[in-house]
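This report refers to the structure that appears directly beneath it.
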Amino acid sequence: MRVDNITLSLAWRNLWRHPRRTWLTVGAMVFSNILLVFMISLQFGMYRVMYDNSLSLITGHLQVQAEGYIDEPRMRSTVPAAGGLANALRQAMPANNVAVRAMAFALVSSAERSLGVQVVGVQPSYEPDVSNLPGLVKQGRFLKASDERAAVIGSSLSRNLKVGLGDELTLFGSGRDGSFAAGIANVVGIFESGSNDIDRSFMQIPLTEFQEVFFMGDQGHSIVVMTPDLFELEPAMSTIRSIVDADGLVVHDWDELQPGLRQSVQADMASAWFMYAVLIVLVAFSVLNTQLMSVLDRTREFGIVMALGLAPIRLGRLVFLETGIMAGLGLLLGVAAGSAVVSWFGFHGFTYPGLEEMSARFNLPGRIYPSASFASLIWGPSVVFLACLAAAIYPAAKLLRLQPVAAMRAA
Amino acid sequence: MTPMPGAVLFRLAWRNLWRNYRRTIIMLAAITLGVWAMLFMTAVMRGMVDDMVQTAVRSLPGHVQIHHPEYRDDPSIANSMPPPDQMLLDALAQAGVVAWAGRVRVPAVITSERDTRGTTLVGIDPEAETGLSFVSDDIVEGRFLGSPDDKGLVVGRKMIDDLETRLGRRVVVMSQDPDNEIVDRGFRIVGVYEANLENLEEAFVFTGRRYAQSMLNMDESISEIAVLGKSYRDVSDLSHLKQLEGSAREVLPWYELDAYLGTMLSTMDGFVLVWIIVVFLTLSFGLVNTLVMAVFERIREIGLMQALGMRPSMILIQVLLETFLLLAVGLAAGNLLAVVSVAALSDGIDLSIVSEAMQWMGVADVLYPALEIRDLVTTNVVVIVLGLLAGLSPAWRASRYQPVEALTKV
Amino acid sequence: MSSVRCVALCRFFFQGDQTIKALDHVDLEIDEREFVCLSGPSGSGKTTLLNAIGGLDKPTSGEVWVAGKRIDTLGKSELANMRLHQIGFVFQAYNLIPVLTARENIEFVMQVQGVDPEQRRRRSMSILGEVGMDDMEDRRPAQLSGGQQQRVAVARAIVSKPAMVLADEPTANLDSVTAEHLMDLFVRLNETHDTTFVISTHDQRVMSYARRLIGMVDGRIVTDEAH
Ligand SMILES: Nc1ncnc2c1ncn2[C@@H]1O[C@H](COP(=O)(O)OP(=O)(O)OP(=O)(O)O)[C@@H](O)[C@H]1O
Ligand SMILES: [Mg+2]
């Protein structure tokens, strides 16, 4: 659209003929822009924590498993020679972290209590690279490669079993072949992950020990891989596929391993976008109203300039330009104020009553720190900008149909 | 003082509203959309939380639960309690209690020939559970338990798959007795249930209460009593049970039992209000603009009415009345639209494309929006009150014009 | 008792460093049932004087008394009440409320006064007859000619039998025939209802109806004679 200086200054002056009307319209944009910038940054911030927390605790970014294990995690669906395979992966992809795990259910007994527990065999020297659970040990320490008969358990589990550091636990379960399996372990560490489920029913022992107790030989149930970027998995996956060529083994990415995660984000996005769309349409209505009024107010004036020989298209352009200036003001002020709000909360964190209790269930912190990025700052306001311009179509189109004589007679 | 001439003020306000019908219609469309969005969003959220709570309440806790004071922290057989005494039985017989059941409920490990899983063994009185918890209604294979002495085991669909076993087969359930001796017993699977959340199908296995008591060497003791009232929203009908709390037992409503759900419900109320206000504020700019324009165009008329003897307060009321009418028409349309759209969705919104996420949050993947009277009332009251507040500034200005200035305005 | 009394009435407008004396120490007394014309060149202060008498405007100094009551010290609501019950206004143009029909415009003042509907209707119908507008009661102002609008405005001004009617150039927009009709109407009302009339005008024909002619120049009364 070609805009000359006269049109521009005309548009600018027209806007300030009704300063209050203009400011109210711009105000609506600024208000919704601040809201959008804040909410979108908050969402981004929350999603990141959600991804990090849910993947780094257990799942990792990728896992090599026996085919079918993902749907029906059975003892005998194993990865053979898991330790060796993990070493091969480490060599082929030095930038990634790799660790082997094996899993079984067992009845775990202390002197006073017996409970069903998910027992996980881990490689003490590699596990801290693929999971942040070892870092969450609050009492005692995490497992060491040299440990024998050692276990790390969750805080609720230690309470329910009535055990502390150094206490002995016995395990009963079924081994890989379905036969009776039993073992002994001393508590060396107690972790607090923040996730109720994990703290209540999770126990880690050294992989070698696990393999012995549950008759696993050199087998494991999964090889967990942490990649440098959870959204760039393809290179790692193809490397893994080239190394893991055995039949019956598959590589799953986190989306397959934890399908609820991405969908939760999607479901949350969908409801958020419903809300944003409503706000944006309401702002567009506000612009439509203002611009229609300003066009109708000036019908007579427009009639006169048209009679003087101005093409209706130029008047339409004028209306768009006025809208554009308002929307631009709304965008600038909205992004500026929105950034200020975001950076304040980015520093202090955002919370509301009840958030902490609710987040605990999903292993999320009680305070969210909005994450400002170019995208999160500009996305919402840009859509508002475009919606406002779109709202000017009808008032501008009315001008194109204006008859000069009728217009000049208008009150 | 002359009285307020209501009829003429109303007529003026109504006609003035339609004077610039384009502007009014755009504003009405905005209010209608805003109100619809307030109500619809609220209905969807309410439907979701409703489902969450109902599912949770049905998956054993009931509306109010009675158990040993230590049981919650340490849900072990050691923290069981004696069967209900006469006083408790009397309390449970009072009006307000729709159903109740005593249960044995202990952590256990279940083993088939193929695999082992952790679960919770629940010993129940099958008849008492009807209507109280989900199991009795959701048997898909085999049969439900017949009596407290039933030796059969009812397990979830997911559990039977995990264990690679099937109906009629035997499994071993292990737990501990009050002396921490491991006890195990073989059970025949007599029934399979399905639940709307998959993890519920692994969480519990059911057998007859007496049979469980004998297996666990716990005599007549039970772990908990679940009580169902008329509605989960208001458990005040069951408040008399709270008086029976003592050193030997704890009485807790569901929202204290499950802090997550309790918080969810109260946070929802806050969220609904915030959402309504945010939408309203977005609307308010346009609303104030419309009113300012409407007053601005009529300054001369306002002067005229003052010259004819209309008091400033009447001018103020006239503009507020116009605001009220605008809001009322918008609200009526918005309410209607919300009611219609919620009714149209009475078969539920299919969310199966994000079903895993729904499982995660503890809700079924068909969502039934629930438009509640109190949300309707809140929405309408908030919009009217805030709307009139927004109208106050233009109305005040209108009433403050000097008659001469107003009359000479062009 | 006099209907209107002004004592040393001043109304100044301050524009920058310049003071416009729209009313400059005006002393004036108008008795009940008088029929007064204000005349004078444009800008001489006629409108300002009428506004001050009607309580639409506050004088800079001096006193204004209407029906024995001092009004320049009253608040807005009391002034409105005074106008409602004692004064009828007719302006040069834009006299009617656009969203109301002719009859509703006439009934407007009575409605604000709280007159019951039946009486309102009776009085508005009879006054419509008096001003010769019986068949146009349901028209909106936009559907009436300037003269018709002016007649409705007059009907509204007198329908609740005010003690005084203030008319600011009521004939300025009317052709001579219609203007004469209107003045005949004023005179008749003055005689039959004992209403005081104060009319500002440039129009010689209007002045010829007056029984007292007050001439103004530069905010001062320069002539005051019976006619
Ligand atoms: N609001 C105002 N601000 C400044 N000056 C004013 C204002 N109103 C009136 N005046 C001035 O006061 C003087 C008297 O004005 P007024 O309207 O009373 O004259 P008038 O006799 O009614 O004139 P006309 O016959 O043209 O209607 C004029 O000089 C006018 O410019
Ligand atoms: Mg004048």
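Ordering of the structure tokens sets the chain letters (A, B, ...); residue numbers start at 1 within each chain; ligands are numbered from 1 in the order shown.
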Checklist entry - Got a sec to check which residues lie within 10 Å of ligand 2, using only C-alpha atoms and all ligand atoms, and send them as an MDAnalysis selection string? => result chainID C and resid 40:51 91:92 168:169 200:202
Residue subset to file, keeping N, CA and C atoms, as a short mmCIF file (atom, residue, chain, number, x, y, z; two decimals), in the first residue's frame:
```cif
data_model
loop_
_atom_site.label_atom_id
_atom_site.label_comp_id
_atom_site.auth_asym_id
_atom_site.auth_seq_id
_atom_site.Cartn_x
_atom_site.Cartn_y
_atom_site.Cartn_z
N GLY C 40 -32.46 43.93 20.16
CA GLY C 40 -31.12 44.48 20.20
C GLY C 40 -30.25 43.76 19.20
N PRO C 41 -29.13 44.38 18.84
CA PRO C 41 -28.26 43.77 17.83
C PRO C 41 -27.67 42.45 18.31
N SER C 42 -27.17 41.73 17.34
CA SER C 42 -26.55 40.45 17.67
C SER C 42 -25.40 40.65 18.65
N GLY C 43 -25.35 39.82 19.67
CA GLY C 43 -24.27 39.93 20.65
C GLY C 43 -24.57 40.92 21.75
N SER C 44 -25.80 41.43 21.80
CA SER C 44 -26.10 42.44 22.81
C SER C 44 -26.43 41.83 24.17
N GLY C 45 -26.64 40.53 24.21
CA GLY C 45 -26.81 39.88 25.52
C GLY C 45 -28.21 39.34 25.78
N LYS C 46 -29.04 39.26 24.74
CA LYS C 46 -30.42 38.80 24.93
C LYS C 46 -30.47 37.37 25.44
N THR C 47 -29.75 36.50 24.72
CA THR C 47 -29.76 35.09 25.11
C THR C 47 -29.19 34.92 26.51
N THR C 48 -28.14 35.67 26.79
CA THR C 48 -27.52 35.55 28.10
C THR C 48 -28.49 35.95 29.20
N LEU C 49 -29.27 36.97 28.93
CA LEU C 49 -30.25 37.41 29.92
C LEU C 49 -31.33 36.35 30.15
N LEU C 50 -31.85 35.81 29.05
CA LEU C 50 -32.88 34.77 29.18
C LEU C 50 -32.34 33.56 29.94
N ASN C 51 -31.11 33.17 29.62
CA ASN C 51 -30.51 32.03 30.30
C ASN C 51 -30.37 32.28 31.79
N PHE C 91 -36.70 27.45 22.34
CA PHE C 91 -35.45 27.94 21.74
C PHE C 91 -35.64 28.16 20.25
N GLN C 92 -34.56 28.69 19.67
CA GLN C 92 -34.62 29.00 18.25
C GLN C 92 -34.76 27.73 17.40
N ASP C 168 -36.45 32.22 23.09
CA ASP C 168 -35.27 32.84 22.50
C ASP C 168 -35.36 32.74 20.98
N GLU C 169 -35.68 33.84 20.36
CA GLU C 169 -35.85 33.91 18.91
C GLU C 169 -36.67 32.75 18.36
N SER C 200 -37.09 37.00 23.11
CA SER C 200 -36.02 37.77 22.48
C SER C 200 -36.16 37.64 20.97
N THR C 201 -35.90 38.74 20.27
CA THR C 201 -36.07 38.67 18.81
C THR C 201 -35.37 39.81 18.10
N HIS C 202 -35.10 39.56 16.81
CA HIS C 202 -34.64 40.63 15.92
C HIS C 202 -35.79 41.10 15.04
#
```
Can you build me a table of chain B residues sitting at most 9 Å from ligand 1, with the closest atom pair per residue and its distance in Å to one decimal, using only C-alpha atoms and all ligand atoms, sorted by chain and residue number, as JSON lines?
```
{"residue": "B:Val404", "atom": "CA", "partner": "ligand 1", "partner_atom_place_in_ligand_line": "1 (N)", "distance": 7.7}
{"residue": "B:Glu405", "atom": "CA", "partner": "ligand 1", "partner_atom_place_in_ligand_line": "1 (N)", "distance": 6.7}
{"residue": "B:Thr408", "atom": "CA", "partner": "ligand 1", "partner_atom_place_in_ligand_line": "1 (N)", "distance": 8.0}
```
Deliver the residues from the most recent selection as a file, using C-alpha atoms, as a PDB file, in the first residue's frame.
```pdb
ATOM      1  CA  VAL B 404     -25.903  26.628  28.501  1.00  0.00           C
ATOM      2  CA  GLU B 405     -22.706  24.970  27.326  1.00  0.00           C
ATOM      3  CA  THR B 408     -24.719  25.799  22.442  1.00  0.00           C
TER       4      THR B 408
END
```
Item to check | Long-range neighbours of segment 211-227 of chain C as a list in words, 7 Å cut-off, only C-alpha atoms, 3 positions minimum in chain | outcome: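 Near segment 211-227 of chain C, the qualifying residues are Lys21, Ala22, Leu23, Asp24, His25, Val26, Phe35, Val36, Cys37, Leu38, Ser39, Gly40, Pro41, Ser44 and Gly45 of chain C.
Using only C-alpha atoms, the chain C residues found within 7 Å of chain B amount to Leu56, Asp57, Ser77, Ala80, Asn81, Arg83, Leu84, Gly88, Phe89, Ile97, Val99, Val109, Gln111, Val112, Gln113 and Gly114 of chain C.
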Item to check | Residues near segment 222-233 of chain B, cut-off 8 Å, only C-alpha atoms, skip fewer than 6 positions along chain, as a PyMOL selection string | outcome: chain B and resi 54+60-68+71+77+79-83+96-106+132+213
Item to check | Nearest-residue call for Leu216 of chain B, choices B:Leu121, B:Gln243, B:Ala398, B:Asp162, using only C-alpha atoms | outcome: B:Leu121
Next on the checklist: Contacts from chain B to chain A, 8 Å maximum, only C-alpha atoms: show me the residue list as a ChimeraX atom specification.
Outcome noted: /B:23,26-27,30,33-34,37,73-76,107-109,111,113-119,161-162,174-176,179-180,182,259-261,263-264,266-267,279,282-283,285-286,288-290,292-293,354-360
Next on the checklist: Just list as an MDAnalysis selection string whatever in segment 148-329 of chain B DSSP marks as helix (DSSP H, G or I).
Outcome noted: chainID B and resid 157:162 200:203 209:215 236:242 254:257 259:296 299:307 312:329
Checklist entry - Which value, in Å to one decimal, gives the distance between atom CA of Ala43 of chain B and atom CA of Tyr368 of chain B? => result 8.4 Å
Item to check | Test item: residues at most 7 Å from Pro369 of chain B, only C-alpha atoms, excluding those fewer than 2 positions along its chain, as number ranges by chain | outcome: B: 43-44, 46-47, 342, 367, 371
Next on the checklist: Considering only C-alpha atoms, can you say which of B:Arg72, B:Glu220, B:Ser352, B:Gly191 comes closest to Leu252 of chain B?
Outcome noted: B:Arg72
Checklist entry - Do you know which residues are at most 12 Å from Asp218 of chain A counting only C-alpha atoms, after dropping those on the same chain fewer than 4 positions away, and could you put them as a ChimeraX atom specification? => result /A:78-86,100-102,121,176,207-212,214
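Computed from the coordinates, the atom CA of Leu351 of chain B to atom CA of Val366 of chain B distance equals 5.7 Å.
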Next on the checklist: So that I can see what lies close to Thr59 of chain A, please list as a count of residues only the residues with an atom at most 8 Å from it, counting only C-alpha atoms and leaving out residues fewer than 5 positions away in the same chain.
Outcome noted: 5
Next on the checklist: Give me, as JSON, numbers by chain, the residues of chain C that a backbone DSSP run labels strand (DSSP E or B).
Outcome noted: {"C": [2, 3, 4, 5, 6, 7, 8, 9, 10, 11, 12, 13, 14, 15, 18, 19, 20, 21, 22, 23, 24, 25, 26, 27, 28, 29, 30, 31, 35, 36, 37, 38, 39, 61, 62, 63, 64, 65, 66, 69, 70, 87, 88, 89, 90, 164, 165, 166, 167, 168, 196, 197, 198, 199, 200, 212, 213, 214, 215, 216, 217, 220, 221, 222, 223, 224, 225, 226]}
